[in-house]
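Visitor: Handing you this structure, nothing more for now.
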Amino acid sequence: MLVGLYANPDRDPDFVYRQQLTQLFADKGVQVLTDPAKFGSADLVISLGGDGTFLTLAHLDTVIDKPCIGVNLGSVGFLTEIEPQDLAQAVDQICQGQYEIDERMMLSMQVLDDQGQLLQKREALNDVAMMRLAGGRIVTVDFWINSHPVERIPGDGLIISTSTGSTAYSLAAGGPIVHPDMDVIIITPICPHTLHNRSYLAPGDATIELRLSEDSSAAMVSADGKQSIKIEQGMIKIQKSRRTFKILRLGGDRFYQVLPQKIQERGMLR
């Protein structure tokens, strides 16, 4: 077995936890890889950091189709399952094959020009967000579901989220908490300048289209908060990706078991 270890030096100073994991796996006769460029040879990959580190790992080309799991060295950790004090137990379970693999839905985002030509393409595990520029005026976004016009929303933008991402930016904007196994797409307004603020739930196979209105200011669009793209016209098309992301899970489905603790920890953050 080969295991990739992807450590965030800001969360794991001097790579203390990475070294501990390396020794624990070595004691089991398992070799580790620490160079992300070589993760394509790994059987699974472990991130050491917070949810942001896990999302960065998810966007590496070398981890496509690789089961991944995270050690929670962040503040809350909805995506990271292993707590630092449980490293030895987690290594035992992994080496004994005592785990399950979830295949999580991802989103495919296409940035199209006014003629419908593809300009850029991104994928997201958590969400795609169209937002006003920093310090800029509000944006007015028209959106469609399956080619049907739904609403024009002025405000700070929209978040298009997977069920996995329902506990991330979408939750902060007032969106619903959705079990990650559910095959849905969540559309949540960000600080809308309207008399209502409600999320929309669409089937996982729906196509979501976003377009700035003619009198709207420019916006930024990003996938999982990475590589923002400035948008002044054209369309953003969001669909379920053909690719899924494999999350290695220890101890079965504990989503509702750990949810109250995670929500409480998030509320206590300063």
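Here's how to read the names in the structure tokens: chain A, B, ... by the order shown, residue numbers from 1 in each chain, ligand numbers from 1 in the order shown.
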Using only C-alpha atoms, which residues sit within 12 Å of region 114-121 of chain A once same-chain residues fewer than 6 positions away are excluded, as a list in words?
Guide: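 Close residues of region 114-121 of chain A: Leu107, Ser108, Val128, Glu209, Arg211, Leu212, Val221, Ser222, Ala223, Gln227, Ser228, Ile229, Lys230, Ile231, Glu232, Gln233, Gly234, Met235, Ile236, Lys237, Ile238, Gln239 and Ser241 of chain A.
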Visitor: Pick out each residue of region 45-131 of chain A that DSSP on the backbone tags as strand (DSSP E); I need them as a VMD selection string.
Guide: chain A and resid 45 to 49 68 to 72 100 to 112 118 to 124 127 to 131
Visitor: May I have the residues within 7 Å of Leu44 (chain A) as a PDB file with C-alpha atoms, in the first residue's frame, using only C-alpha atoms and disregarding those fewer than 4 positions away in the same chain?
Guide:
ATOM      1  CA  VAL A   3      -0.381   6.479   1.126  1.00  0.00           C
ATOM      2  CA  GLY A   4      -0.052  10.132   0.117  1.00  0.00           C
ATOM      3  CA  LYS A  66      -8.154   8.522  -5.351  1.00  0.00           C
ATOM      4  CA  PRO A  67      -9.958   8.002  -2.035  1.00  0.00           C
ATOM      5  CA  CYS A  68      -9.134  10.880   0.307  1.00  0.00           C
TER       6      CYS A  68
END
Visitor: Here is a test: counting only C-alpha atoms, which residue of A:Gln89, A:Ser47, A:Gln96, A:Thr162 is nearest to Ile247 (chain A)?
Guide: A:Ser47
Visitor: Which value, in Å to one decimal, gives the distance between CA of Asp205 (chain A) and CA of Val184 (chain A)?
Guide: 7.9 Å
